[in-house]
$ cat start04.cif   # mmCIF, N, CA and C atoms
data_input
#
loop_
_atom_site.label_atom_id
_atom_site.label_comp_id
_atom_site.auth_asym_id
_atom_site.auth_seq_id
_atom_site.Cartn_x
_atom_site.Cartn_y
_atom_site.Cartn_z
N MET A 1 0.80 -1.19 0.00
CA MET A 1 0.00 0.00 0.00
C MET A 1 0.85 1.27 0.00
N SER A 2 2.13 1.11 0.05
CA SER A 2 3.02 2.27 0.06
C SER A 2 2.94 3.06 -1.24
N LEU A 3 2.71 2.37 -2.35
CA LEU A 3 2.61 3.06 -3.63
C LEU A 3 1.40 3.98 -3.68
N ASN A 4 0.30 3.59 -3.06
CA ASN A 4 -0.87 4.45 -3.04
C ASN A 4 -0.61 5.72 -2.26
N ARG A 5 0.10 5.61 -1.13
CA ARG A 5 0.42 6.80 -0.35
C ARG A 5 1.36 7.71 -1.12
N THR A 6 2.32 7.12 -1.81
CA THR A 6 3.25 7.91 -2.60
C THR A 6 2.51 8.63 -3.72
N ALA A 7 1.62 7.92 -4.38
CA ALA A 7 0.84 8.53 -5.47
C ALA A 7 -0.04 9.66 -4.94
N LYS A 8 -0.61 9.47 -3.77
CA LYS A 8 -1.43 10.53 -3.18
C LYS A 8 -0.58 11.75 -2.86
N GLY A 9 0.63 11.53 -2.38
CA GLY A 9 1.53 12.65 -2.10
C GLY A 9 1.95 13.37 -3.35
N VAL A 10 2.17 12.61 -4.41
CA VAL A 10 2.55 13.22 -5.69
C VAL A 10 1.42 14.09 -6.23
N VAL A 11 0.20 13.70 -5.98
CA VAL A 11 -0.94 14.50 -6.42
C VAL A 11 -1.16 15.69 -5.47
N LEU A 12 -1.01 15.46 -4.17
CA LEU A 12 -1.34 16.48 -3.19
C LEU A 12 -0.41 17.69 -3.26
N VAL A 13 0.88 17.46 -3.29
CA VAL A 13 1.83 18.57 -3.18
C VAL A 13 1.70 19.57 -4.34
N PRO A 14 1.73 19.15 -5.59
CA PRO A 14 1.60 20.15 -6.67
C PRO A 14 0.24 20.84 -6.69
N THR A 15 -0.82 20.11 -6.38
CA THR A 15 -2.13 20.75 -6.43
C THR A 15 -2.27 21.79 -5.33
N LEU A 16 -1.74 21.51 -4.14
CA LEU A 16 -1.82 22.50 -3.07
C LEU A 16 -0.94 23.71 -3.37
N LEU A 17 0.25 23.46 -3.90
CA LEU A 17 1.14 24.58 -4.22
C LEU A 17 0.56 25.46 -5.33
N LEU A 18 0.10 24.84 -6.40
CA LEU A 18 -0.48 25.61 -7.49
C LEU A 18 -1.79 26.29 -7.07
N GLY A 19 -2.60 25.58 -6.31
CA GLY A 19 -3.84 26.17 -5.82
C GLY A 19 -3.57 27.36 -4.93
N GLY A 20 -2.58 27.24 -4.05
CA GLY A 20 -2.22 28.36 -3.19
C GLY A 20 -1.69 29.54 -3.99
N ALA A 21 -0.92 29.26 -5.02
CA ALA A 21 -0.39 30.33 -5.87
C ALA A 21 -1.51 31.05 -6.60
N PHE A 22 -2.47 30.31 -7.12
CA PHE A 22 -3.60 30.94 -7.80
C PHE A 22 -4.45 31.75 -6.83
N LEU A 23 -4.68 31.21 -5.64
CA LEU A 23 -5.46 31.97 -4.67
C LEU A 23 -4.73 33.23 -4.22
N ALA A 24 -3.42 33.13 -4.04
CA ALA A 24 -2.64 34.31 -3.68
C ALA A 24 -2.69 35.35 -4.79
N ALA A 25 -2.62 34.91 -6.02
CA ALA A 25 -2.71 35.85 -7.14
C ALA A 25 -4.08 36.51 -7.18
N ALA A 26 -5.12 35.77 -6.82
CA ALA A 26 -6.46 36.36 -6.81
C ALA A 26 -6.61 37.39 -5.70
N VAL A 27 -5.99 37.13 -4.56
CA VAL A 27 -6.14 38.04 -3.42
C VAL A 27 -5.29 39.29 -3.59
N TRP A 28 -4.06 39.12 -4.05
CA TRP A 28 -3.13 40.25 -4.07
C TRP A 28 -2.99 40.92 -5.43
N SER A 29 -3.80 40.57 -6.38
CA SER A 29 -3.67 41.21 -7.69
C SER A 29 -4.23 42.62 -7.64
N ASP A 30 -3.54 43.52 -8.31
CA ASP A 30 -3.97 44.91 -8.38
C ASP A 30 -4.44 45.22 -9.80
N GLY A 31 -5.22 46.22 -9.92
CA GLY A 31 -5.63 46.65 -11.25
C GLY A 31 -7.05 46.25 -11.58
N PRO A 32 -7.44 46.56 -12.80
CA PRO A 32 -8.84 46.35 -13.20
C PRO A 32 -9.13 44.93 -13.69
N GLY A 33 -8.24 44.00 -13.48
CA GLY A 33 -8.44 42.64 -14.01
C GLY A 33 -9.38 41.82 -13.16
N GLY A 34 -10.62 42.22 -13.05
CA GLY A 34 -11.60 41.51 -12.24
C GLY A 34 -11.89 40.11 -12.76
N ASP A 35 -11.91 39.96 -14.08
CA ASP A 35 -12.16 38.64 -14.66
C ASP A 35 -11.03 37.68 -14.33
N ASN A 36 -9.81 38.17 -14.39
CA ASN A 36 -8.67 37.31 -14.08
C ASN A 36 -8.64 36.95 -12.61
N ARG A 37 -9.07 37.85 -11.76
CA ARG A 37 -9.09 37.58 -10.32
C ARG A 37 -10.09 36.45 -10.03
N THR A 38 -11.24 36.50 -10.66
CA THR A 38 -12.24 35.46 -10.47
C THR A 38 -11.75 34.13 -11.00
N LEU A 39 -11.14 34.15 -12.17
CA LEU A 39 -10.61 32.93 -12.76
C LEU A 39 -9.52 32.33 -11.88
N ALA A 40 -8.63 33.16 -11.35
CA ALA A 40 -7.57 32.67 -10.48
C ALA A 40 -8.15 32.07 -9.21
N ALA A 41 -9.17 32.68 -8.64
CA ALA A 41 -9.78 32.15 -7.43
C ALA A 41 -10.46 30.81 -7.69
N VAL A 42 -11.14 30.70 -8.82
CA VAL A 42 -11.82 29.45 -9.16
C VAL A 42 -10.80 28.34 -9.41
N LEU A 43 -9.75 28.63 -10.18
CA LEU A 43 -8.72 27.62 -10.44
C LEU A 43 -8.02 27.20 -9.14
N GLY A 44 -7.71 28.16 -8.29
CA GLY A 44 -7.07 27.85 -7.02
C GLY A 44 -7.94 26.97 -6.15
N GLY A 45 -9.20 27.29 -6.07
CA GLY A 45 -10.12 26.48 -5.28
C GLY A 45 -10.28 25.07 -5.83
N LEU A 46 -10.37 24.97 -7.15
CA LEU A 46 -10.49 23.63 -7.76
C LEU A 46 -9.24 22.79 -7.54
N LEU A 47 -8.07 23.40 -7.69
CA LEU A 47 -6.83 22.66 -7.49
C LEU A 47 -6.68 22.20 -6.04
N MET A 48 -6.94 23.08 -5.11
CA MET A 48 -6.81 22.70 -3.70
C MET A 48 -7.87 21.67 -3.32
N GLY A 49 -9.06 21.83 -3.84
CA GLY A 49 -10.11 20.85 -3.55
C GLY A 49 -9.80 19.47 -4.12
N SER A 50 -9.27 19.43 -5.34
CA SER A 50 -8.96 18.13 -5.94
C SER A 50 -7.79 17.46 -5.21
N GLY A 51 -6.82 18.24 -4.75
CA GLY A 51 -5.71 17.65 -4.00
C GLY A 51 -6.18 17.08 -2.67
N LEU A 52 -7.04 17.81 -1.99
CA LEU A 52 -7.56 17.30 -0.72
C LEU A 52 -8.50 16.13 -0.93
N LEU A 53 -9.26 16.14 -2.00
CA LEU A 53 -10.15 15.02 -2.30
C LEU A 53 -9.34 13.75 -2.58
N ALA A 54 -8.21 13.89 -3.25
CA ALA A 54 -7.36 12.72 -3.51
C ALA A 54 -6.86 12.10 -2.22
N GLN A 55 -6.65 12.91 -1.20
CA GLN A 55 -6.22 12.39 0.09
C GLN A 55 -7.34 11.68 0.82
N LEU A 56 -8.57 12.08 0.58
CA LEU A 56 -9.70 11.51 1.30
C LEU A 56 -10.26 10.24 0.67
N LEU A 57 -9.88 9.97 -0.58
CA LEU A 57 -10.38 8.76 -1.23
C LEU A 57 -9.87 7.53 -0.50
N PRO A 58 -10.73 6.55 -0.27
CA PRO A 58 -10.30 5.36 0.47
C PRO A 58 -9.36 4.49 -0.37
N GLU A 59 -8.46 3.82 0.33
CA GLU A 59 -7.56 2.89 -0.35
C GLU A 59 -8.26 1.54 -0.46
N PRO A 60 -8.01 0.80 -1.53
CA PRO A 60 -8.64 -0.52 -1.65
C PRO A 60 -8.11 -1.46 -0.59
N ALA A 61 -8.96 -2.38 -0.16
CA ALA A 61 -8.55 -3.36 0.83
C ALA A 61 -7.47 -4.26 0.25
N ALA A 62 -6.61 -4.77 1.10
CA ALA A 62 -5.48 -5.60 0.65
C ALA A 62 -5.98 -6.85 -0.06
N GLU A 63 -7.08 -7.43 0.40
CA GLU A 63 -7.60 -8.64 -0.23
C GLU A 63 -8.07 -8.35 -1.66
N ASN A 64 -8.72 -7.23 -1.87
CA ASN A 64 -9.20 -6.88 -3.20
C ASN A 64 -8.04 -6.66 -4.15
N VAL A 65 -6.97 -6.07 -3.69
CA VAL A 65 -5.81 -5.83 -4.53
C VAL A 65 -5.17 -7.15 -4.91
N ARG A 66 -5.02 -8.03 -3.93
CA ARG A 66 -4.41 -9.34 -4.23
C ARG A 66 -5.27 -10.14 -5.21
N ASP A 67 -6.58 -10.11 -5.01
CA ASP A 67 -7.48 -10.85 -5.91
C ASP A 67 -7.40 -10.31 -7.33
N SER A 68 -7.37 -9.00 -7.48
CA SER A 68 -7.32 -8.42 -8.82
C SER A 68 -5.97 -8.71 -9.48
N GLN A 69 -4.90 -8.77 -8.69
CA GLN A 69 -3.59 -9.10 -9.27
C GLN A 69 -3.54 -10.55 -9.70
N ARG A 70 -4.18 -11.43 -8.94
CA ARG A 70 -4.21 -12.84 -9.32
C ARG A 70 -4.97 -13.05 -10.61
N THR A 71 -6.10 -12.38 -10.76
CA THR A 71 -6.90 -12.56 -11.97
C THR A 71 -6.17 -11.99 -13.18
N GLU A 72 -5.41 -10.92 -12.98
CA GLU A 72 -4.63 -10.35 -14.10
C GLU A 72 -3.50 -11.29 -14.50
N ASP A 73 -2.88 -11.93 -13.50
CA ASP A 73 -1.77 -12.83 -13.79
C ASP A 73 -2.26 -14.09 -14.51
N GLN A 74 -3.46 -14.52 -14.22
CA GLN A 74 -3.99 -15.72 -14.85
C GLN A 74 -4.45 -15.47 -16.26
N SER A 75 -4.72 -14.24 -16.62
CA SER A 75 -5.23 -13.91 -17.97
C SER A 75 -4.16 -14.07 -19.01
#

$ encode --input "start04.cif" --output "structure tokens"
Amino acid sequence: MSLNRTAKGVVLVPTLLLGGAFLAAAVWSDGPGGDNRTLAAVLGGLLMGSGLLAQLLPEPAAENVRDSQRTEDQS
């Protein structure tokens, strides 16, 4: 199950960093670019939400993984 945790970390770190960067750009942007501010906030929220959602997804049970590997090996 270590590979699943590693994969979740690989997804989590970039999405949180990019999401934070987009949200920071939305908060601290100056000027009349209201459309860009909204777009940056939406993208930041989606990225952070998807990263956190990836962490909350349940891992498959060990028995299910072994069974699926056995059926693949027999094919």

$ closest_residue --input "start04.cif" --among "A:Ala26, A:Leu57, A:Leu52, A:Leu39" --to "Leu12 of chain A" --atoms "only C-alpha atoms"
A:Leu52

$ atom_distance --input "start04.cif" --atom1 "atom CA of Leu47 of chain A" --atom2 "atom N of Thr6 of chain A"
18.9 Å

$ axis_aligned_box --input "start04.cif" --around "segment 7-17 of chain A" --padding-each-side "8 Å" --output "JSON"
{"center_x": 0.1, "center_y": 16.7, "center_z": -4.4, "size_x": 20.8, "size_y": 33.5, "size_z": 20.6}

$ resolve_selection --input "start04.cif" --expression "the PyMOL selection byres (((chain A and resi 54 and name CA) around 12) and name CA)" --output "ChimeraX atom specification"
/A:4-13,15-16,47-53,55-59

$ atom_distance --input "start04.cif" --atom1 "atom N of Val42 of chain A" --atom2 "atom N of Leu17 of chain A"
14.4 Å

$ atom_distance --input "start04.cif" --atom1 "atom N of Ala40 of chain A" --atom2 "atom CA of Trp28 of chain A"
11.6 Å
